[in-house]
Amino acid sequence: MSVIEATDLSKYYGKTIGIVKASFAVEEGEVWAMLGPQMSGKSTVLRLICGLIRPTYGSYSLFNISHCFDNRQIKKHIGFAPSHPCGYGELKVRDYLLFSARCYGIKRRGTSIEDAIDRDCYYLRLDQKQRIENLSFSSRKKAAIIASLIHKPRLAMLDEPTLGMDSFDREKILELMREYSNDGTTIVYTTRNVYDCREFSTHTAMMSDGIFIGGGRTEDIAVLRTLHVTVSADERNSELAEELGIRNYTVSDRYISFSFTGYPDELIAILGRYSIKTIKIDEPSTESIVASAAASKGVAV
Amino acid sequence: MIFRKGIGRMLCQALIIILAQAAVFALAGAQALGAADLFVIVPRELLYLIPRGNSVELINLATRISYFVSCLALVIFGALSLAKDSADGRMEFLLVRPFTRMEIFFSRMALGLITVVISCAALFGLWYLTAYLVLPEITAVEIRDILYFSLRAMGIKAMFWTVSFMWSSMCRIRTSAVCASLICFFGTYTLGVFPHINEVLSIASYMSPFHFAFEMALEWIRPTIAGAIAAISLAAGIVAFRRGQFYEL
């Protein structure tokens with residue numbers, strides 16, 4: 001069943017472009033990552049779908065219902081966590097989460113909601129007795145993420161859930177999202193981090209300057225497997241470059257730097273045949289990945 | 001749900017208005033009883049400006065000041081009701097939960113109108129209490145008159161509140177909503193100047209909240225104009241809120 005179906009979805013903020021003619025479909029149970037640099041229109045897509053803003057052109061349907069703007073029945077099945085959560089700062093975390101659950105008609109007594117809150121807060125190391133206004137940005141974000149998932153929505157939309165998190169919290173949040181996904185929640189989230197896409201999402205859509213560059217199954221998008229490698233193979237640097245089939249590489253002193261697109265084991269198998277003195281592997285930036293994807297598809301961004 | 005969550009804030013606002021009105025009446029009552037010197041927080045020079053001895057005039061003045069203060073507070077609270085929620089992220093929280101925009105709009109509106117009713121009831125109650133203490137010879141006719149004044153004031157206050165609420169639904173920045181509402185509020189006071197310029201324009205003075213004395217024959221003008229303004233403001237507010245765009249500021 002199609003959870004989201006967008007056709008030529010466009011949004012302009014006056015003369016500023018939000019998104020241009022975005023068409024995509026999200027099926028039930030999928031985990032979609034919207035990957036793109038800042039101001040690429042990722043949040044606009046989520047805000048359009050959850051009814052915070054109206055599209056300028058185009059249409060979308062949720063759960064195969066086309067008139068879904070401000071539809072209370074549809075909202076019951078949606079969870080949304082903004083990228084900069086605020087509001088209800090005077091409430092304690094527990095009260096905030098209970099209030100959020102009550103909004104979805106979940107009664108406090110006779111349900112497992114309190115257990116779920118305890119479990120999720122413990123898992124994300126969130127102090128339930130703290131007031132929201134006293135929390136750090138990342139803790140407020142954790143509270144908003146739990147609030148958007150606690151009622152087990154059919155569709156959860158999370159705007160940059162791992163933004164501002166350290167690596168430990170990042171893993172925990174992705175793990176929590178995975179848990180809800182395994183329970184049947186379809187997840188659409190935005191990110192600037194390629195690692196999140198590769199490790200967690202089943203599908204990825206890339207965006208830049210409001211343009212949908214492409215999307216599909218994460219494992220089929222080769223550009224997401226790009227690595228920046230710097231190695232030193234002494235006198236055999238040129239030979240190594242030739243074997244890797246790399247045309248664009250730079251050699252400085254004894255080092256060779258190149259971008260490798262493929263699975264790490266392929267790279268290790270090749271490098272194993274050489275005497276490698278030093279090696280440094282970096283994640284490429286989101287901007288460079290999106291630019292490579294745009295270049296390969298002939299999209300001008 | 002939204003209504004229940006907002007009751008606390010509504011009661012706080014009502015309490016602020018009641019306390020402000022009570023302070024004005026307390027000062028007037030004390031002045032009438034010759035005990036105003038007890039109010040050490042008020043500069044004595046200010047007290048000398050208030051007429052002594054004429055208790056009826058004093059209470060009338062207190063009623064008008066109290067009415068003005070409560071109107072001003074309601075205008076500010078009305079302007080903040082939706083704009084504050086939009087600015088601090090509550091609106092975003094509510095809009096993505098199973099509430100329609102109209103539910104949010106009307107629940108906030110209902111809370112505001114209850115505050116208006118409470119403020120008018122308090123105005124009448126405080127006037128009655130002060131008059132009972134200061135003017136033992138108070139007549140039933142005077143009570144009826146002030147009750148009638150309170151009801152009329154409620155209509156005008158509701159109109160001002162609706163205009164502010166419209167600005168609140170249009171602006172996502174608190175300061176803009178409050179400024180626009182205050183301009184509208186104080187703008188109506190200037191309407192009282194028109195009769196002095198031209199007699200034909202005297203009808204404009206009916207919208208000035210300080211214009212109390214007018215012919216009974218034209219009594220219908222003020223509620224009609226106020227009702228029309230409130231209805232237009234409400235319609236504009238609904239349209240603005242339904243079409244509202246909640247993107248990140």
# chains A, B, ... in the order shown; residues from 1 in each chain; ligands from 1
call {"tool": "closest_atom_pairs", "arguments": {"of": "chain B", "to": "chain A", "cutoff": "8 Å", "atoms": "only C-alpha atoms", "output": "Markdown table"}}
result
| residue | atom | partner | partner_atom | distance |
| --- | --- | --- | --- | --- |
| B:Met1 | CA | A:Cys103 | CA | 7.2 |
| B:Asp85 | CA | A:Gly87 | CA | 7.7 |
| B:Asp88 | CA | A:Gly87 | CA | 5.2 |
| B:Gly89 | CA | A:Gly87 | CA | 4.5 |
| B:Arg90 | CA | A:Gly87 | CA | 4.5 |
| B:Glu92 | CA | A:Leu52 | CA | 7.3 |
| B:Phe93 | CA | A:Gly87 | CA | 7.3 |
| B:Leu95 | CA | A:Leu52 | CA | 6.9 |
| B:Val96 | CA | A:Cys50 | CA | 6.3 |
| B:Arg97 | CA | A:Lys75 | CA | 5.8 |
| B:Pro98 | CA | A:Arg72 | CA | 4.8 |
| B:Phe99 | CA | A:Arg72 | CA | 5.8 |
| B:Thr100 | CA | A:Asp70 | CA | 5.6 |
| B:Arg101 | CA | A:Asp70 | CA | 6.8 |
| B:Arg243 | CA | A:Arg54 | CA | 7.8 |
| B:Gly244 | CA | A:Ile53 | CA | 7.3 |
| B:Gln245 | CA | A:Ile53 | CA | 4.6 |
| B:Phe246 | CA | A:Leu52 | CA | 5.1 |
| B:Tyr247 | CA | A:Ile53 | CA | 6.7 |
call {"tool": "select_by_dssp", "arguments": {"residues": "segment 9-177 of chain A", "states": "helix (DSSP H, G or I)", "output": "PyMOL selection string"}}
result
chain A and resi 42-49+72-75+93-103+113-123+132-134+137-149+167-177
call {"tool": "write_last_selection", "arguments": {"atoms": "C-alpha atoms", "output": "compact mmCIF listing (two decimals), in the first residue's frame"}}
result
# COMPACT_ATOMS: atom_id res chain seq x y z
CA LYS A 42 14.17 18.49 2.64
CA SER A 43 12.21 20.03 5.49
CA THR A 44 9.78 21.62 3.03
CA VAL A 45 8.83 18.15 1.78
CA LEU A 46 8.06 16.96 5.30
CA ARG A 47 6.19 20.12 6.23
CA LEU A 48 4.08 19.85 3.09
CA ILE A 49 3.17 16.27 3.78
CA ARG A 72 -8.00 14.79 11.41
CA GLN A 73 -8.38 11.09 10.51
CA ILE A 74 -5.08 11.13 8.63
CA LYS A 75 -3.27 13.10 11.33
CA VAL A 93 9.46 15.61 29.80
CA ARG A 94 7.08 12.94 31.13
CA ASP A 95 4.08 15.30 31.10
CA TYR A 96 5.01 16.50 27.62
CA LEU A 97 5.09 12.93 26.31
CA LEU A 98 1.85 12.02 28.10
CA PHE A 99 0.19 15.15 26.71
CA SER A 100 1.37 14.23 23.23
CA ALA A 101 -0.04 10.70 23.65
CA ARG A 102 -3.35 12.10 24.95
CA CYS A 103 -3.61 14.26 21.83
CA ILE A 113 2.00 4.19 27.26
CA GLU A 114 3.81 4.87 30.53
CA ASP A 115 5.95 1.78 30.05
CA ALA A 116 6.74 2.87 26.51
CA ILE A 117 7.74 6.35 27.74
CA ASP A 118 9.95 4.84 30.45
CA ARG A 119 11.57 2.49 27.96
CA ASP A 120 12.25 5.11 25.27
CA CYS A 121 13.48 7.75 27.73
CA TYR A 122 15.80 5.25 29.39
CA TYR A 123 17.05 4.12 26.01
CA ILE A 132 11.56 20.91 28.43
CA GLU A 133 12.82 24.51 28.63
CA ASN A 134 15.80 23.39 30.73
CA PHE A 137 18.98 21.11 22.11
CA SER A 138 19.75 17.42 21.61
CA SER A 139 17.63 16.37 24.61
CA ARG A 140 14.71 18.47 23.39
CA LYS A 141 15.10 16.78 20.06
CA LYS A 142 15.04 13.37 21.71
CA ALA A 143 11.81 14.31 23.51
CA ALA A 144 10.26 15.44 20.22
CA ILE A 145 11.33 12.20 18.50
CA ILE A 146 9.80 10.07 21.26
CA ALA A 147 6.62 12.22 21.16
CA SER A 148 6.32 11.62 17.42
CA LEU A 149 6.75 7.85 17.75
CA SER A 167 27.88 9.53 17.80
CA PHE A 168 26.48 7.55 20.75
CA ASP A 169 23.10 9.33 20.66
CA ARG A 170 23.06 9.11 16.88
CA GLU A 171 23.32 5.34 17.05
CA LYS A 172 20.66 5.17 19.76
CA ILE A 173 18.22 7.27 17.78
CA LEU A 174 18.75 5.25 14.62
CA GLU A 175 18.26 2.10 16.70
CA LEU A 176 15.00 3.45 18.16
CA MET A 177 13.78 4.36 14.69
call {"tool": "closest_residue", "arguments": {"among": "B:Ser169, B:Gly78, B:Cys12, B:Ile221", "to": "Met91 of chain B", "atoms": "only C-alpha atoms"}}
result
B:Ser169
call {"tool": "closest_residue", "arguments": {"among": "B:Cys71, B:Cys171, B:Ile59, B:Ile76", "to": "Val117 of chain B", "atoms": "only C-alpha atoms"}}
result
B:Cys71
call {"tool": "atom_distance", "arguments": {"atom1": "atom CA of Cys68 of chain A", "atom2": "atom CA of Gly14 of chain A"}}
result
23.8 Å
call {"tool": "residues_around", "arguments": {"residues": "Ile211 of chain A", "least_positions_apart": "4", "cutoff": "12 Å", "atoms": "only C-alpha atoms", "output": "PDB file with N, CA and C atoms, in the first residue's frame"}}
result
ATOM      1  N   ASP A   8       4.406  15.997  -8.813  1.00  0.00           N
ATOM      2  CA  ASP A   8       4.810  17.365  -9.188  1.00  0.00           C
ATOM      3  C   ASP A   8       4.656  18.358  -8.030  1.00  0.00           C
ATOM      4  N   LEU A   9       4.989  17.921  -6.858  1.00  0.00           N
ATOM      5  CA  LEU A   9       4.833  18.767  -5.670  1.00  0.00           C
ATOM      6  C   LEU A   9       5.822  19.933  -5.730  1.00  0.00           C
ATOM      7  N   SER A  10       5.277  21.141  -5.696  1.00  0.00           N
ATOM      8  CA  SER A  10       6.143  22.325  -5.770  1.00  0.00           C
ATOM      9  C   SER A  10       5.749  23.305  -4.685  1.00  0.00           C
ATOM     10  N   LYS A  11       6.751  23.970  -4.152  1.00  0.00           N
ATOM     11  CA  LYS A  11       6.478  24.983  -3.138  1.00  0.00           C
ATOM     12  C   LYS A  11       7.418  26.162  -3.342  1.00  0.00           C
ATOM     13  N   ILE A  17      12.640  29.406  -4.020  1.00  0.00           N
ATOM     14  CA  ILE A  17      12.214  28.039  -4.320  1.00  0.00           C
ATOM     15  C   ILE A  17      12.293  27.189  -3.055  1.00  0.00           C
ATOM     16  N   GLY A  18      11.211  26.491  -2.773  1.00  0.00           N
ATOM     17  CA  GLY A  18      11.218  25.494  -1.704  1.00  0.00           C
ATOM     18  C   GLY A  18      11.548  24.147  -2.296  1.00  0.00           C
ATOM     19  N   ILE A  19      10.622  23.616  -3.089  1.00  0.00           N
ATOM     20  CA  ILE A  19      10.902  22.413  -3.893  1.00  0.00           C
ATOM     21  C   ILE A  19      10.230  22.573  -5.255  1.00  0.00           C
ATOM     22  N   VAL A  20      10.775  21.892  -6.224  1.00  0.00           N
ATOM     23  CA  VAL A  20      10.256  22.004  -7.591  1.00  0.00           C
ATOM     24  C   VAL A  20       9.877  20.615  -8.108  1.00  0.00           C
ATOM     25  N   LYS A  21       8.626  20.471  -8.435  1.00  0.00           N
ATOM     26  CA  LYS A  21       8.099  19.279  -9.113  1.00  0.00           C
ATOM     27  C   LYS A  21       8.657  17.966  -8.559  1.00  0.00           C
ATOM     28  N   ALA A  22       8.456  17.764  -7.289  1.00  0.00           N
ATOM     29  CA  ALA A  22       8.929  16.524  -6.668  1.00  0.00           C
ATOM     30  C   ALA A  22       7.857  15.449  -6.830  1.00  0.00           C
ATOM     31  N   SER A  23       8.234  14.340  -7.412  1.00  0.00           N
ATOM     32  CA  SER A  23       7.315  13.213  -7.542  1.00  0.00           C
ATOM     33  C   SER A  23       7.973  11.990  -6.929  1.00  0.00           C
ATOM     34  N   MET A  34      15.756  11.527   3.152  1.00  0.00           N
ATOM     35  CA  MET A  34      15.881  12.658   2.216  1.00  0.00           C
ATOM     36  C   MET A  34      17.256  13.247   2.477  1.00  0.00           C
ATOM     37  N   LEU A  35      18.161  13.005   1.562  1.00  0.00           N
ATOM     38  CA  LEU A  35      19.543  13.443   1.753  1.00  0.00           C
ATOM     39  C   LEU A  35      19.815  14.715   0.958  1.00  0.00           C
ATOM     40  N   GLY A  36      20.415  15.661   1.601  1.00  0.00           N
ATOM     41  CA  GLY A  36      20.759  16.893   0.887  1.00  0.00           C
ATOM     42  C   GLY A  36      21.427  17.873   1.803  1.00  0.00           C
ATOM     43  N   PRO A  37      22.142  18.828   1.236  1.00  0.00           N
ATOM     44  CA  PRO A  37      22.777  19.851   2.086  1.00  0.00           C
ATOM     45  C   PRO A  37      21.733  20.806   2.656  1.00  0.00           C
ATOM     46  N   MET A  39      19.327  23.911   3.165  1.00  0.00           N
ATOM     47  CA  MET A  39      18.504  24.697   2.233  1.00  0.00           C
ATOM     48  C   MET A  39      18.245  23.960   0.924  1.00  0.00           C
ATOM     49  N   SER A  40      18.176  22.640   0.983  1.00  0.00           N
ATOM     50  CA  SER A  40      17.918  21.906  -0.253  1.00  0.00           C
ATOM     51  C   SER A  40      16.444  21.557  -0.415  1.00  0.00           C
ATOM     52  N   GLY A  41      15.623  21.862   0.579  1.00  0.00           N
ATOM     53  CA  GLY A  41      14.182  21.628   0.468  1.00  0.00           C
ATOM     54  C   GLY A  41      13.695  20.368   1.165  1.00  0.00           C
ATOM     55  N   LYS A  42      14.554  19.745   1.954  1.00  0.00           N
ATOM     56  CA  LYS A  42      14.171  18.495   2.636  1.00  0.00           C
ATOM     57  C   LYS A  42      13.035  18.740   3.639  1.00  0.00           C
ATOM     58  N   THR A  44      10.987  21.176   3.735  1.00  0.00           N
ATOM     59  CA  THR A  44       9.776  21.620   3.034  1.00  0.00           C
ATOM     60  C   THR A  44       8.916  20.421   2.640  1.00  0.00           C
ATOM     61  N   VAL A  45       9.577  19.362   2.181  1.00  0.00           N
ATOM     62  CA  VAL A  45       8.830  18.153   1.776  1.00  0.00           C
ATOM     63  C   VAL A  45       8.052  17.611   2.975  1.00  0.00           C
ATOM     64  N   ALA A 205      16.391   9.485  -1.153  1.00  0.00           N
ATOM     65  CA  ALA A 205      16.123  10.476  -2.203  1.00  0.00           C
ATOM     66  C   ALA A 205      17.112  11.604  -1.990  1.00  0.00           C
ATOM     67  N   MET A 206      17.735  12.040  -3.070  1.00  0.00           N
ATOM     68  CA  MET A 206      18.723  13.112  -2.937  1.00  0.00           C
ATOM     69  C   MET A 206      18.143  14.426  -3.451  1.00  0.00           C
ATOM     70  N   MET A 207      18.414  15.475  -2.729  1.00  0.00           N
ATOM     71  CA  MET A 207      17.856  16.787  -3.088  1.00  0.00           C
ATOM     72  C   MET A 207      18.939  17.857  -3.047  1.00  0.00           C
ATOM     73  N   GLY A 215      16.158   9.108  -6.625  1.00  0.00           N
ATOM     74  CA  GLY A 215      15.892   8.314  -5.433  1.00  0.00           C
ATOM     75  C   GLY A 215      15.693   6.864  -5.794  1.00  0.00           C
ATOM     76  N   VAL A 290      25.864  14.719  -3.551  1.00  0.00           N
ATOM     77  CA  VAL A 290      24.696  15.204  -4.297  1.00  0.00           C
ATOM     78  C   VAL A 290      25.144  15.770  -5.651  1.00  0.00           C
ATOM     79  N   ALA A 291      26.275  16.478  -5.633  1.00  0.00           N
ATOM     80  CA  ALA A 291      26.786  17.040  -6.897  1.00  0.00           C
ATOM     81  C   ALA A 291      27.161  15.928  -7.873  1.00  0.00           C
ATOM     82  N   ALA A 294      23.980  14.487  -9.210  1.00  0.00           N
ATOM     83  CA  ALA A 294      23.371  15.404 -10.174  1.00  0.00           C
ATOM     84  C   ALA A 294      24.122  15.353 -11.503  1.00  0.00           C
ATOM     85  N   VAL A 299      21.556  16.538 -14.195  1.00  0.00           N
ATOM     86  CA  VAL A 299      20.681  17.561 -13.604  1.00  0.00           C
ATOM     87  C   VAL A 299      21.538  18.759 -13.225  1.00  0.00           C
ATOM     88  N   ALA A 300      21.099  19.933 -13.639  1.00  0.00           N
ATOM     89  CA  ALA A 300      21.838  21.153 -13.295  1.00  0.00           C
ATOM     90  C   ALA A 300      21.322  21.673 -11.957  1.00  0.00           C
ATOM     91  N   VAL A 301      22.200  21.755 -10.960  1.00  0.00           N
ATOM     92  CA  VAL A 301      21.780  22.306  -9.656  1.00  0.00           C
ATOM     93  C   VAL A 301      22.674  23.480  -9.268  1.00  0.00           C
TER      94      VAL A 301
END
call {"tool": "select_by_dssp", "arguments": {"residues": "segment 9-155 of chain A", "states": "strand (DSSP E or B)", "output": "NGL selection string"}}
result
:A and (9-13 or 16-27 or 31-35 or 57-62 or 65 or 78-81 or 92 or 131 or 155)
call {"tool": "closest_residue", "arguments": {"among": "A:Glu90, A:Ile221, A:Ser2, A:Val188", "to": "Arg9 of chain B", "atoms": "only C-alpha atoms"}}
result
A:Glu90
call {"tool": "atom_distance", "arguments": {"atom1": "atom CA of Thr186 of chain A", "atom2": "atom CA of Gly29 of chain A"}}
result
4.6 Å
call {"tool": "residues_around", "arguments": {"residues": "Gly29 of chain B", "least_positions_apart": "4", "cutoff": "7 Å", "atoms": "only C-alpha atoms", "output": "ChimeraX atom specification"}}
result
/B:25,33,130,134
call {"tool": "write_last_selection", "arguments": {"atoms": "C-alpha atoms", "output": "JSON list (two decimals), in the first residue's frame"}}
result
[["chain", "number", "residue", "atom", "x", "y", "z"],
["B", 25, "PHE", "CA", -11.22, 50.71, 42.26],
["B", 33, "LEU", "CA", -12.94, 57.43, 52.08],
["B", 130, "THR", "CA", -16.86, 50.07, 45.80],
["B", 134, "VAL", "CA", -18.50, 54.48, 49.46]]
call {"tool": "residues_around", "arguments": {"residues": "Tyr255 of chain A", "least_positions_apart": "3", "cutoff": "12 Å", "atoms": "only C-alpha atoms", "output": "count of residues only"}}
result
22
call {"tool": "closest_residue", "arguments": {"among": "B:Ser81, B:Ser86, B:Ser233, B:Asn60", "to": "Leu123 of chain B", "atoms": "only C-alpha atoms"}}
result
B:Asn60
call {"tool": "atom_distance", "arguments": {"atom1": "atom CA of Ser107 of chain B", "atom2": "atom CA of Phe3 of chain B"}}
result
5.2 Å
